[in-house]
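See structure below.
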Amino acid sequence: MFPTKVKILHRLLQFRQTSWFSPSTGKALYSRLVLGIETSCDDTGAAVLDETGEILGECLHSQKQVHLRAGGIIPTVAQQLHRQNIERVVQEALERSSVDPSLLSAVATTVKPGLALSLGIGLEFSQRFVRQHNKPFIPIHHMEAHALTVRMLHPVDFPFLVLLVSGGHALLAVARGVDNFLLLGQSLDEAPGDTLDKVARRLSLIKHPLCSTLSGGQAIELLARNGDRTRFAFKTPMGRTFDCCFSFTGLRNQVNLTIMKKEAEEGIEEGTLLSCVNDIAAATQHTVASHLAKRTHRAILFCKANNLLPSKNPTLVLSGGVASNQYIRKALTIITDTTGLNLLCPPAKFCTDNGVMIAWNGVERLREGKGILPPNVDVSYEPKAALGVDMTAEVKAAAIRLPAVRMKIPD
C-alpha cells in the first residue's frame, strides 16, 4: 500500500474514533467520548461524556428503597440488582447520547474501593464490553472520581484540598494531579454516612411519617431542622488527638446510650419513636459536622505551613454523598471563611455515586494518557484501596492545635 493511502486510511480511522453526529444539528462533532460505569455500592450508573465535560446521556438505577426496607445494604442483594440492571442502564445511557459503541474512545469503570460483590459485576460487564467493541479500558479509583468531579463544573487548578465524605468513606487529601494525591487523614473506623444511617435505624426513623422514603442521613437532616441541638451535649470525637483522621463509632455509642436512657424515661420499647427524636437528630448532625470541620481546619493549617496549596485562591472541595447535607456544608463554610479558602461543592446529584463522575475521571485520564489499558488486559477489583501517598503520620507529628472558632451554624 502506498504511503499516501496509508495516511488517508489512518485519518479516516482517527475521524471514526473522535467524531459523532449530533441528532439535533446533524453535524459531526469532534471530541473523544468516554462511557463511565459505576457499581461500587448500591447504585448502578452509566454515562457518556465528551472531553469538554458535556453529559451526552446518562442513566442511574437506585437500589435505595430495597435496602431501606431491609434496614441496610445487603451485599448479595446489591450484587443481584446490579446484575439485573447493568446492561439496561448502559444501553439507556448510550441510546440517550445517540452514541454508537464504535464511536467511544474508552470505557471507564470503578474497580476500587467498594463492595466486592458490586464491583465485580461492573468490572465483569465492562471487560466483556470493551473486548466486544475493541475499546481501551480505564480502571477508576472511586474516591479519585469524587475528588475530580468538581473540575467538570469549575475551572479548578491543581493543587487543591479535598474532603470526601460518604456512607463508606471519610478522607482529607491534597489533589496535586489527576493521579497524584497526598492523604492527610481518613476514617479509623466507620464513615460519617454510615454513622448517620445507623443512628436513624436505631431511632426507627423509617416509621416517622416524614421519613419513610428517605435514607438515614436524609431523615436525620430533615428532622434536625426542627430540633434543638443544644439539648444533648455529645462530645466531639478525638478532641485530644491532633491529627486529621476521623472516628465516628464513639459518637454513635454516645447517641445509642442517650436513646436507651430516653426510652427508659418515656417507658417505650426499642422500635418506638421517641418524643425528642428531632433533638437527638440535631445534636448528632451538629457533632458530625463539628468533627469534620475541626479535622479539616487542621488540614488547612498543615497545608499552609508546608506550602501544599497555592497562596492565591486556595480551594477546598467538598464531595461525596454526605456533602449533600446542607448543615455540614455550612459548617465547612465557617472554616473556609476563617482560613481564606474558597469552598466548592458539586451539586447534590453529582455528590452521590453516579456514572457521570466515573466518565469524567476517564476523560481526565484519557487527556493525560494515564492508566489506559488495552481491552484484552485482565483487571482485578479491590474492595479496599488507599488514595495517594499516606501523609497521616507527618500530620500527626506536626500536632497542630486549633485556634478557637465559634461553630454557630445557621439552620
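In the C-alpha cells, chains take the letters A, B, ... in the order shown, each chain's residues start at 1, and ligands count up from 1 in the order shown.
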Open item on the list: Excluding segment 281-284 of chain A and its own-chain neighbours fewer than 2 positions away, which residues fall within 6 Å of it when counting only C-alpha atoms? Please give them as a PyMOL selection string.
Closed with: chain A and resi 220+224+227+229+232+278-279+286-287
TODO: Write out as a PyMOL selection string all residues of segment 72-206 of chain A that DSSP puts in alpha helix (DSSP H) for this structure's backbone.
DONE: chain A and resi 75-97+116-133+142-148+150-153+192-202
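In terms of minimum interatomic distance to Leu292 of chain A, A:Ala331 ranks closest within A:Ala331, A:Leu341, A:Val395, A:Val107, counting only C-alpha atoms.
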Contact residues around segment 357-374 of chain A with only C-alpha atoms at 7 Å, ignoring same-chain residues under 5 positions, as a PDB file with all heavy atoms, in the first residue's frame:
```pdb
ATOM      1  N   VAL A  34     -16.263   9.177  26.258  1.00  0.00           N
ATOM      2  CA  VAL A  34     -15.979   8.163  27.274  1.00  0.00           C
ATOM      3  C   VAL A  34     -17.277   7.681  27.898  1.00  0.00           C
ATOM      4  O   VAL A  34     -18.138   8.486  28.280  1.00  0.00           O
ATOM      5  CB  VAL A  34     -15.055   8.720  28.388  1.00  0.00           C
ATOM      6  CG1 VAL A  34     -14.862   7.692  29.495  1.00  0.00           C
ATOM      7  CG2 VAL A  34     -13.698   9.116  27.800  1.00  0.00           C
ATOM      8  N   LEU A  35     -17.413   6.368  27.991  1.00  0.00           N
ATOM      9  CA  LEU A  35     -18.510   5.740  28.719  1.00  0.00           C
ATOM     10  C   LEU A  35     -18.025   5.432  30.130  1.00  0.00           C
ATOM     11  O   LEU A  35     -16.996   4.783  30.306  1.00  0.00           O
ATOM     12  CB  LEU A  35     -18.950   4.452  28.021  1.00  0.00           C
ATOM     13  CG  LEU A  35     -19.884   3.516  28.809  1.00  0.00           C
ATOM     14  CD1 LEU A  35     -21.241   4.182  29.045  1.00  0.00           C
ATOM     15  CD2 LEU A  35     -20.056   2.184  28.067  1.00  0.00           C
ATOM     16  N   GLY A  36     -18.746   5.919  31.136  1.00  0.00           N
ATOM     17  CA  GLY A  36     -18.406   5.650  32.526  1.00  0.00           C
ATOM     18  C   GLY A  36     -19.412   4.704  33.155  1.00  0.00           C
ATOM     19  O   GLY A  36     -20.623   4.843  32.929  1.00  0.00           O
ATOM     20  N   ILE A  37     -18.922   3.733  33.936  1.00  0.00           N
ATOM     21  CA  ILE A  37     -19.795   2.741  34.577  1.00  0.00           C
ATOM     22  C   ILE A  37     -19.467   2.669  36.059  1.00  0.00           C
ATOM     23  O   ILE A  37     -18.303   2.521  36.447  1.00  0.00           O
ATOM     24  CB  ILE A  37     -19.626   1.353  33.921  1.00  0.00           C
ATOM     25  CG1 ILE A  37     -20.026   1.424  32.445  1.00  0.00           C
ATOM     26  CG2 ILE A  37     -20.445   0.295  34.655  1.00  0.00           C
ATOM     27  CD1 ILE A  37     -19.774   0.143  31.664  1.00  0.00           C
ATOM     28  N   GLU A  38     -20.493   2.778  36.900  1.00  0.00           N
ATOM     29  CA  GLU A  38     -20.326   2.798  38.355  1.00  0.00           C
ATOM     30  C   GLU A  38     -21.197   1.729  39.026  1.00  0.00           C
ATOM     31  O   GLU A  38     -22.416   1.711  38.834  1.00  0.00           O
ATOM     32  CB  GLU A  38     -20.688   4.189  38.892  1.00  0.00           C
ATOM     33  CG  GLU A  38     -21.104   4.272  40.336  1.00  0.00           C
ATOM     34  CD  GLU A  38     -20.026   3.892  41.337  1.00  0.00           C
ATOM     35  OE1 GLU A  38     -18.852   3.816  40.958  1.00  0.00           O
ATOM     36  OE2 GLU A  38     -20.367   3.675  42.508  1.00  0.00           O
ATOM     37  N   ALA A  47     -22.862   6.704  32.088  1.00  0.00           N
ATOM     38  CA  ALA A  47     -22.972   7.998  31.416  1.00  0.00           C
ATOM     39  C   ALA A  47     -21.969   8.086  30.287  1.00  0.00           C
ATOM     40  O   ALA A  47     -20.902   7.468  30.336  1.00  0.00           O
ATOM     41  CB  ALA A  47     -22.743   9.145  32.410  1.00  0.00           C
ATOM     42  N   VAL A  48     -22.312   8.861  29.280  1.00  0.00           N
ATOM     43  CA  VAL A  48     -21.410   9.150  28.163  1.00  0.00           C
ATOM     44  C   VAL A  48     -21.089  10.637  28.197  1.00  0.00           C
ATOM     45  O   VAL A  48     -21.998  11.473  28.194  1.00  0.00           O
ATOM     46  CB  VAL A  48     -22.026   8.772  26.808  1.00  0.00           C
ATOM     47  CG1 VAL A  48     -21.064   9.119  25.672  1.00  0.00           C
ATOM     48  CG2 VAL A  48     -22.385   7.291  26.772  1.00  0.00           C
ATOM     49  N   LEU A  49     -19.797  10.966  28.243  1.00  0.00           N
ATOM     50  CA  LEU A  49     -19.331  12.359  28.263  1.00  0.00           C
ATOM     51  C   LEU A  49     -18.388  12.608  27.107  1.00  0.00           C
ATOM     52  O   LEU A  49     -17.673  11.688  26.668  1.00  0.00           O
ATOM     53  CB  LEU A  49     -18.577  12.659  29.560  1.00  0.00           C
ATOM     54  CG  LEU A  49     -19.366  13.273  30.733  1.00  0.00           C
ATOM     55  CD1 LEU A  49     -20.427  12.290  31.224  1.00  0.00           C
ATOM     56  CD2 LEU A  49     -18.423  13.633  31.867  1.00  0.00           C
ATOM     57  N   GLU A  51     -15.088  15.220  25.928  1.00  0.00           N
ATOM     58  CA  GLU A  51     -13.937  15.666  26.716  1.00  0.00           C
ATOM     59  C   GLU A  51     -14.058  17.093  27.226  1.00  0.00           C
ATOM     60  O   GLU A  51     -13.204  17.544  27.981  1.00  0.00           O
ATOM     61  CB  GLU A  51     -12.639  15.480  25.937  1.00  0.00           C
ATOM     62  CG  GLU A  51     -12.533  16.235  24.636  1.00  0.00           C
ATOM     63  CD  GLU A  51     -11.249  15.852  23.906  1.00  0.00           C
ATOM     64  OE1 GLU A  51     -10.230  15.634  24.569  1.00  0.00           O
ATOM     65  OE2 GLU A  51     -11.294  15.751  22.668  1.00  0.00           O
ATOM     66  N   GLY A  53     -16.678  17.738  29.067  1.00  0.00           N
ATOM     67  CA  GLY A  53     -17.494  17.516  30.250  1.00  0.00           C
ATOM     68  C   GLY A  53     -18.977  17.576  29.972  1.00  0.00           C
ATOM     69  O   GLY A  53     -19.787  17.485  30.899  1.00  0.00           O
ATOM     70  N   ALA A 108     -14.568   3.714  31.057  1.00  0.00           N
ATOM     71  CA  ALA A 108     -14.009   3.879  32.399  1.00  0.00           C
ATOM     72  C   ALA A 108     -14.966   3.251  33.400  1.00  0.00           C
ATOM     73  O   ALA A 108     -16.177   3.481  33.337  1.00  0.00           O
ATOM     74  CB  ALA A 108     -13.813   5.367  32.716  1.00  0.00           C
ATOM     75  N   THR A 109     -14.417   2.464  34.329  1.00  0.00           N
ATOM     76  CA  THR A 109     -15.255   1.735  35.281  1.00  0.00           C
ATOM     77  C   THR A 109     -14.626   1.746  36.669  1.00  0.00           C
ATOM     78  O   THR A 109     -13.415   1.581  36.810  1.00  0.00           O
ATOM     79  CB  THR A 109     -15.451   0.272  34.826  1.00  0.00           C
ATOM     80  OG1 THR A 109     -16.052   0.267  33.531  1.00  0.00           O
ATOM     81  CG2 THR A 109     -16.329  -0.504  35.797  1.00  0.00           C
ATOM     82  N   THR A 110     -15.463   1.908  37.696  1.00  0.00           N
ATOM     83  CA  THR A 110     -14.980   1.829  39.076  1.00  0.00           C
ATOM     84  C   THR A 110     -14.496   0.414  39.368  1.00  0.00           C
ATOM     85  O   THR A 110     -15.247  -0.549  39.191  1.00  0.00           O
ATOM     86  CB  THR A 110     -16.102   2.172  40.064  1.00  0.00           C
ATOM     87  OG1 THR A 110     -16.660   3.430  39.730  1.00  0.00           O
ATOM     88  CG2 THR A 110     -15.570   2.214  41.487  1.00  0.00           C
ATOM     89  N   PRO A 136     -10.311   0.790  24.513  1.00  0.00           N
ATOM     90  CA  PRO A 136      -9.429   0.891  25.678  1.00  0.00           C
ATOM     91  C   PRO A 136     -10.245   0.906  26.972  1.00  0.00           C
ATOM     92  O   PRO A 136     -11.390   1.376  27.003  1.00  0.00           O
ATOM     93  CB  PRO A 136      -8.715   2.231  25.466  1.00  0.00           C
ATOM     94  CG  PRO A 136      -8.833   2.511  24.011  1.00  0.00           C
ATOM     95  CD  PRO A 136     -10.147   1.928  23.595  1.00  0.00           C
ATOM     96  N   PHE A 137      -9.624   0.400  28.027  1.00  0.00           N
ATOM     97  CA  PHE A 137     -10.293   0.317  29.325  1.00  0.00           C
ATOM     98  C   PHE A 137      -9.526   1.161  30.347  1.00  0.00           C
ATOM     99  O   PHE A 137      -8.297   1.096  30.413  1.00  0.00           O
ATOM    100  CB  PHE A 137     -10.368  -1.136  29.794  1.00  0.00           C
ATOM    101  CG  PHE A 137     -11.088  -1.317  31.110  1.00  0.00           C
ATOM    102  CD1 PHE A 137     -12.411  -0.930  31.246  1.00  0.00           C
ATOM    103  CD2 PHE A 137     -10.444  -1.873  32.202  1.00  0.00           C
ATOM    104  CE1 PHE A 137     -13.081  -1.098  32.450  1.00  0.00           C
ATOM    105  CE2 PHE A 137     -11.103  -2.044  33.411  1.00  0.00           C
ATOM    106  CZ  PHE A 137     -12.428  -1.657  33.534  1.00  0.00           C
ATOM    107  N   ILE A 138     -10.277   1.951  31.155  1.00  0.00           N
ATOM    108  CA  ILE A 138      -9.652   2.809  32.164  1.00  0.00           C
ATOM    109  C   ILE A 138     -10.206   2.437  33.541  1.00  0.00           C
ATOM    110  O   ILE A 138     -11.348   2.795  33.862  1.00  0.00           O
ATOM    111  CB  ILE A 138      -9.911   4.302  31.879  1.00  0.00           C
ATOM    112  CG1 ILE A 138      -9.509   4.658  30.442  1.00  0.00           C
ATOM    113  CG2 ILE A 138      -9.156   5.167  32.888  1.00  0.00           C
ATOM    114  CD1 ILE A 138      -9.820   6.100  30.060  1.00  0.00           C
ATOM    115  N   ILE A 140     -10.948   2.846  37.364  1.00  0.00           N
ATOM    116  CA  ILE A 140     -11.133   4.083  38.118  1.00  0.00           C
ATOM    117  C   ILE A 140     -11.153   3.824  39.628  1.00  0.00           C
ATOM    118  O   ILE A 140     -11.816   2.895  40.100  1.00  0.00           O
ATOM    119  CB  ILE A 140     -12.439   4.782  37.707  1.00  0.00           C
ATOM    120  CG1 ILE A 140     -12.390   5.188  36.228  1.00  0.00           C
ATOM    121  CG2 ILE A 140     -12.725   5.989  38.598  1.00  0.00           C
ATOM    122  CD1 ILE A 140     -11.340   6.213  35.869  1.00  0.00           C
ATOM    123  N   ALA A 145     -12.424   9.744  41.586  1.00  0.00           N
ATOM    124  CA  ALA A 145     -13.512  10.280  40.766  1.00  0.00           C
ATOM    125  C   ALA A 145     -14.305  11.338  41.529  1.00  0.00           C
ATOM    126  O   ALA A 145     -14.633  12.402  40.988  1.00  0.00           O
ATOM    127  CB  ALA A 145     -14.426   9.142  40.308  1.00  0.00           C
ATOM    128  N   HIS A 146     -14.624  11.053  42.802  1.00  0.00           N
ATOM    129  CA  HIS A 146     -15.329  12.046  43.617  1.00  0.00           C
ATOM    130  C   HIS A 146     -14.513  13.342  43.713  1.00  0.00           C
ATOM    131  O   HIS A 146     -15.059  14.445  43.634  1.00  0.00           O
ATOM    132  CB  HIS A 146     -15.561  11.506  45.028  1.00  0.00           C
ATOM    133  CG  HIS A 146     -16.850  10.748  45.186  1.00  0.00           C
ATOM    134  ND1 HIS A 146     -18.078  11.270  44.837  1.00  0.00           N
ATOM    135  CD2 HIS A 146     -17.092   9.506  45.687  1.00  0.00           C
ATOM    136  CE1 HIS A 146     -19.030  10.378  45.109  1.00  0.00           C
ATOM    137  NE2 HIS A 146     -18.461   9.313  45.623  1.00  0.00           N
ATOM    138  N   LEU A 148     -12.326  14.603  41.645  1.00  0.00           N
ATOM    139  CA  LEU A 148     -12.128  15.339  40.392  1.00  0.00           C
ATOM    140  C   LEU A 148     -13.418  15.855  39.762  1.00  0.00           C
ATOM    141  O   LEU A 148     -13.357  16.674  38.837  1.00  0.00           O
ATOM    142  CB  LEU A 148     -11.402  14.441  39.383  1.00  0.00           C
ATOM    143  CG  LEU A 148     -10.001  13.964  39.778  1.00  0.00           C
ATOM    144  CD1 LEU A 148      -9.417  13.079  38.684  1.00  0.00           C
ATOM    145  CD2 LEU A 148      -9.078  15.146  40.051  1.00  0.00           C
ATOM    146  N   THR A 149     -14.572  15.404  40.246  1.00  0.00           N
ATOM    147  CA  THR A 149     -15.843  15.805  39.638  1.00  0.00           C
ATOM    148  C   THR A 149     -15.982  17.318  39.536  1.00  0.00           C
ATOM    149  O   THR A 149     -16.520  17.849  38.555  1.00  0.00           O
ATOM    150  CB  THR A 149     -17.029  15.238  40.441  1.00  0.00           C
ATOM    151  OG1 THR A 149     -16.930  13.811  40.478  1.00  0.00           O
ATOM    152  CG2 THR A 149     -18.355  15.623  39.811  1.00  0.00           C
ATOM    153  N   MET A 152     -15.084  19.152  36.372  1.00  0.00           N
ATOM    154  CA  MET A 152     -16.007  19.098  35.243  1.00  0.00           C
ATOM    155  C   MET A 152     -16.913  20.324  35.231  1.00  0.00           C
ATOM    156  O   MET A 152     -17.427  20.729  34.183  1.00  0.00           O
ATOM    157  CB  MET A 152     -16.850  17.820  35.350  1.00  0.00           C
ATOM    158  CG  MET A 152     -17.831  17.594  34.217  1.00  0.00           C
ATOM    159  SD  MET A 152     -18.843  16.115  34.489  1.00  0.00           S
ATOM    160  CE  MET A 152     -20.026  16.735  35.690  1.00  0.00           C
ATOM    161  N   VAL A 178      -4.154  14.515  38.406  1.00  0.00           N
ATOM    162  CA  VAL A 178      -5.217  13.547  38.150  1.00  0.00           C
ATOM    163  C   VAL A 178      -5.006  12.254  38.928  1.00  0.00           C
ATOM    164  O   VAL A 178      -5.953  11.659  39.439  1.00  0.00           O
ATOM    165  CB  VAL A 178      -5.307  13.266  36.633  1.00  0.00           C
ATOM    166  CG1 VAL A 178      -6.213  12.083  36.347  1.00  0.00           C
ATOM    167  CG2 VAL A 178      -5.816  14.506  35.898  1.00  0.00           C
TER     168      VAL A 178
END
```
TODO: Show which residues sit within 8 Å of segment 316-319 of chain A, as a ChimeraX atom specification. Count only C-alpha atoms, and ignore same-chain residues fewer than 6 positions away.
DONE: /A:146-147,150,160-165,329,336,341-346,351
Selection export as a short mmCIF file (atom, residue, chain, number, x, y, z; two decimals), in the first residue's frame, atoms kept: all heavy atoms:
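Produced file out.cif, reproduced below:
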```cif
data_model
loop_
_atom_site.label_atom_id
_atom_site.label_comp_id
_atom_site.auth_asym_id
_atom_site.auth_seq_id
_atom_site.Cartn_x
_atom_site.Cartn_y
_atom_site.Cartn_z
N HIS A 146 -14.62 11.05 42.80
CA HIS A 146 -15.33 12.05 43.62
C HIS A 146 -14.51 13.34 43.71
O HIS A 146 -15.06 14.45 43.63
CB HIS A 146 -15.56 11.51 45.03
CG HIS A 146 -16.85 10.75 45.19
ND1 HIS A 146 -18.08 11.27 44.84
CD2 HIS A 146 -17.09 9.51 45.69
CE1 HIS A 146 -19.03 10.38 45.11
NE2 HIS A 146 -18.46 9.31 45.62
N ALA A 147 -13.21 13.20 43.89
CA ALA A 147 -12.35 14.37 44.07
C ALA A 147 -12.28 15.23 42.82
O ALA A 147 -12.19 16.46 42.90
CB ALA A 147 -10.94 13.92 44.47
N VAL A 150 -15.49 18.03 40.54
CA VAL A 150 -15.63 19.49 40.56
C VAL A 150 -14.97 20.14 39.34
O VAL A 150 -15.42 21.19 38.87
CB VAL A 150 -15.04 20.05 41.88
CG1 VAL A 150 -13.52 19.94 41.89
CG2 VAL A 150 -15.47 21.49 42.11
N PHE A 160 -5.39 21.37 45.09
CA PHE A 160 -6.48 21.83 45.95
C PHE A 160 -6.70 20.79 47.04
O PHE A 160 -6.31 19.62 46.90
CB PHE A 160 -7.76 22.09 45.16
CG PHE A 160 -8.29 20.92 44.37
CD1 PHE A 160 -9.12 19.97 44.96
CD2 PHE A 160 -7.97 20.77 43.02
CE1 PHE A 160 -9.62 18.89 44.23
CE2 PHE A 160 -8.47 19.70 42.27
CZ PHE A 160 -9.29 18.75 42.88
N LEU A 161 -7.31 21.23 48.14
CA LEU A 161 -7.62 20.34 49.25
C LEU A 161 -9.00 19.75 49.02
O LEU A 161 -9.90 20.46 48.56
CB LEU A 161 -7.58 21.10 50.58
CG LEU A 161 -7.86 20.30 51.86
CD1 LEU A 161 -6.81 19.23 52.09
CD2 LEU A 161 -7.93 21.26 53.06
N VAL A 162 -9.17 18.47 49.34
CA VAL A 162 -10.47 17.84 49.13
C VAL A 162 -10.87 17.07 50.39
O VAL A 162 -10.05 16.38 51.00
CB VAL A 162 -10.45 16.92 47.89
CG1 VAL A 162 -9.40 15.82 48.01
CG2 VAL A 162 -11.82 16.31 47.64
N LEU A 163 -12.13 17.24 50.78
CA LEU A 163 -12.74 16.46 51.86
C LEU A 163 -13.81 15.59 51.22
O LEU A 163 -14.79 16.11 50.67
CB LEU A 163 -13.36 17.38 52.91
CG LEU A 163 -14.22 16.69 53.99
CD1 LEU A 163 -13.40 15.71 54.82
CD2 LEU A 163 -14.90 17.72 54.89
N LEU A 164 -13.61 14.28 51.28
CA LEU A 164 -14.57 13.34 50.70
C LEU A 164 -15.28 12.60 51.83
O LEU A 164 -14.63 11.92 52.64
CB LEU A 164 -13.84 12.34 49.80
CG LEU A 164 -13.04 12.94 48.64
CD1 LEU A 164 -12.35 11.84 47.84
CD2 LEU A 164 -13.94 13.76 47.74
N VAL A 165 -16.58 12.75 51.90
CA VAL A 165 -17.37 12.13 52.98
C VAL A 165 -18.59 11.43 52.38
O VAL A 165 -19.34 12.02 51.61
CB VAL A 165 -17.81 13.18 54.02
CG1 VAL A 165 -16.68 13.48 54.98
CG2 VAL A 165 -18.28 14.48 53.38
N ARG A 329 -22.30 21.49 54.99
CA ARG A 329 -21.72 22.49 54.08
C ARG A 329 -21.54 23.83 54.79
O ARG A 329 -20.52 24.49 54.62
CB ARG A 329 -22.61 22.67 52.85
CG ARG A 329 -22.60 21.49 51.89
CD ARG A 329 -23.22 21.85 50.57
NE ARG A 329 -23.29 20.70 49.67
CZ ARG A 329 -23.44 20.78 48.36
NH1 ARG A 329 -23.52 21.96 47.77
NH2 ARG A 329 -23.50 19.70 47.61
N THR A 336 -13.74 27.66 55.99
CA THR A 336 -13.09 28.27 54.82
C THR A 336 -13.11 29.79 54.90
O THR A 336 -12.16 30.45 54.48
CB THR A 336 -13.74 27.79 53.51
OG1 THR A 336 -15.16 27.98 53.57
CG2 THR A 336 -13.44 26.31 53.27
N LEU A 341 -10.08 30.25 52.39
CA LEU A 341 -10.17 29.33 51.25
C LEU A 341 -11.51 29.48 50.55
O LEU A 341 -12.50 29.93 51.15
CB LEU A 341 -10.02 27.87 51.71
CG LEU A 341 -8.59 27.29 51.67
CD1 LEU A 341 -7.72 27.94 52.73
CD2 LEU A 341 -8.60 25.78 51.82
N ASN A 342 -11.54 29.10 49.27
CA ASN A 342 -12.80 29.01 48.54
C ASN A 342 -13.37 27.61 48.76
O ASN A 342 -12.64 26.63 48.65
CB ASN A 342 -12.57 29.22 47.04
CG ASN A 342 -11.97 30.57 46.74
OD1 ASN A 342 -12.40 31.58 47.26
ND2 ASN A 342 -10.95 30.59 45.87
N LEU A 343 -14.66 27.52 49.06
CA LEU A 343 -15.31 26.22 49.21
C LEU A 343 -16.12 25.93 47.96
O LEU A 343 -16.98 26.73 47.56
CB LEU A 343 -16.23 26.20 50.43
CG LEU A 343 -17.03 24.90 50.65
CD1 LEU A 343 -16.08 23.73 50.91
CD2 LEU A 343 -18.03 25.07 51.79
N LEU A 344 -15.85 24.79 47.34
CA LEU A 344 -16.59 24.36 46.17
C LEU A 344 -17.23 23.00 46.43
O LEU A 344 -16.56 22.08 46.93
CB LEU A 344 -15.68 24.26 44.94
CG LEU A 344 -15.17 25.58 44.35
CD1 LEU A 344 -14.24 25.30 43.17
CD2 LEU A 344 -16.34 26.45 43.88
N CYS A 345 -18.49 22.88 46.13
CA CYS A 345 -19.22 21.62 46.28
C CYS A 345 -19.95 21.32 44.98
O CYS A 345 -20.69 22.18 44.49
CB CYS A 345 -20.25 21.71 47.40
SG CYS A 345 -19.65 22.28 48.99
N PRO A 346 -19.78 20.13 44.42
CA PRO A 346 -20.60 19.77 43.26
C PRO A 346 -22.07 19.75 43.67
O PRO A 346 -22.40 19.58 44.84
CB PRO A 346 -20.11 18.36 42.91
CG PRO A 346 -18.77 18.23 43.55
CD PRO A 346 -18.83 19.07 44.79
N CYS A 351 -22.76 14.54 43.90
CA CYS A 351 -22.06 14.14 45.11
C CYS A 351 -22.26 12.65 45.40
O CYS A 351 -21.36 11.97 45.89
CB CYS A 351 -22.55 14.96 46.31
SG CYS A 351 -21.91 16.64 46.35
#
```
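Using only C-alpha atoms, the shortest contact distance between Leu308 of chain A and any of A:Pro383, A:Gly321, A:Pro159, A:Gly271 is found at A:Pro159.
Secondary structure by DSSP on the backbone puts the following residues of segment 190-317 of chain A in strand (DSSP E or B): Phe246, Thr315, Leu316 and Val317 of chain A.
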For the residues in the current selection, export N, CA and C atoms as a compact mmCIF listing (two decimals), in the first residue's frame.
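Output below, filename result-v4.txt:
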```
# COMPACT_ATOMS: atom_id res chain seq x y z
N PHE A 246 -10.40 10.66 61.31
CA PHE A 246 -11.77 10.73 61.82
C PHE A 246 -12.13 9.46 62.57
N THR A 315 -8.28 26.41 47.42
CA THR A 315 -9.64 25.86 47.33
C THR A 315 -9.79 24.60 48.17
N LEU A 316 -10.94 24.49 48.83
CA LEU A 316 -11.36 23.24 49.47
C LEU A 316 -12.54 22.71 48.68
N VAL A 317 -12.45 21.47 48.22
CA VAL A 317 -13.54 20.81 47.53
C VAL A 317 -14.20 19.83 48.50
```
Open item on the list: Under the rule that only C-alpha atoms are counted, which of A:Thr392, A:Ser118, A:Gln91, A:Ser324 is the nearest residue to Asp43 of chain A?
Closed with: A:Ser118
